[in-house]
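What follows is a single structure, written as structure tokens, with notes after it.
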Amino acid sequence: MAHWLRHQEVGPDVLVGVCMERSAEMVIACTNPQGRRTYVPLDPDYPRARLEAIVEDSDLGIVLTQDHLQGLLAASSGQALCLDSQWEHE
């Protein structure tokens, strides 16, 4: 994940949002041995307006999410990556 984020030009000074239910993908998203990035947790159970306010206030560079949650942040999150469908890991 850290390598992929570097390849996407998400540097260590860029905040990364994580909006996921507890899952294997969430563990992958939060495992960052060499990336030194700051992650902003976005609880999918929060009301949509609260999530949008957090995203706007945090100025996130990317949001790591899951397919069925992508609609929660579509308008305000900028770049989003659905780990369960879009991320090709080796």
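Naming scheme: A, B, ... for chains in displayed order of the structure tokens; residues 1 onward per chain; ligands 1 onward as shown.
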Secondary structure check, helix (DSSP H, G or I) residues of range 12-82 of chain A, as JSON, numbers by chain: {"A": [24, 25, 26, 27, 28, 29, 30, 48, 49, 50, 51, 52, 53, 54, 55, 56, 57, 58, 67, 68, 69, 70, 71, 72]}
Closest contacts (range 36-84 of chain A/range 8-29 of chain A, max 10 Å, only C-alpha atoms) as CSV:
```
residue,atom,partner,partner_atom,distance
A:Arg36,CA,A:Pro12,CA,5.5
A:Arg37,CA,A:Pro12,CA,4.7
A:Thr38,CA,A:Leu15,CA,5.3
A:Tyr39,CA,A:Val16,CA,4.8
A:Val40,CA,A:Gly17,CA,4.6
A:Pro41,CA,A:Val18,CA,5.1
A:Leu42,CA,A:Cys19,CA,4.6
A:Asp43,CA,A:Cys19,CA,5.9
A:Pro44,CA,A:Cys19,CA,6.0
A:Asp45,CA,A:Glu21,CA,9.0
A:Leu51,CA,A:Cys19,CA,9.2
A:Ile54,CA,A:Gly17,CA,9.5
A:Val55,CA,A:Gly17,CA,7.7
A:Ser58,CA,A:Leu15,CA,7.4
A:Asp59,CA,A:Leu15,CA,7.3
A:Leu60,CA,A:Leu15,CA,5.0
A:Gly61,CA,A:Val14,CA,5.7
A:Ile62,CA,A:Val16,CA,5.3
A:Val63,CA,A:Gly17,CA,4.3
A:Leu64,CA,A:Val18,CA,4.9
A:Thr65,CA,A:Cys19,CA,4.9
A:Gln66,CA,A:Met20,CA,6.0
A:Asp67,CA,A:Met20,CA,9.5
A:His68,CA,A:Met20,CA,9.4
A:Leu69,CA,A:Met20,CA,7.3
A:Gln70,CA,A:Cys19,CA,8.5
A:Leu72,CA,A:Cys19,CA,9.0
A:Leu73,CA,A:Cys19,CA,8.8
A:Ser77,CA,A:Gly17,CA,8.6
A:Ala80,CA,A:Gly17,CA,8.9
A:Leu81,CA,A:Val18,CA,9.8
A:Cys82,CA,A:Glu25,CA,9.3
A:Leu83,CA,A:Glu25,CA,6.2
A:Asp84,CA,A:Glu25,CA,6.8
```
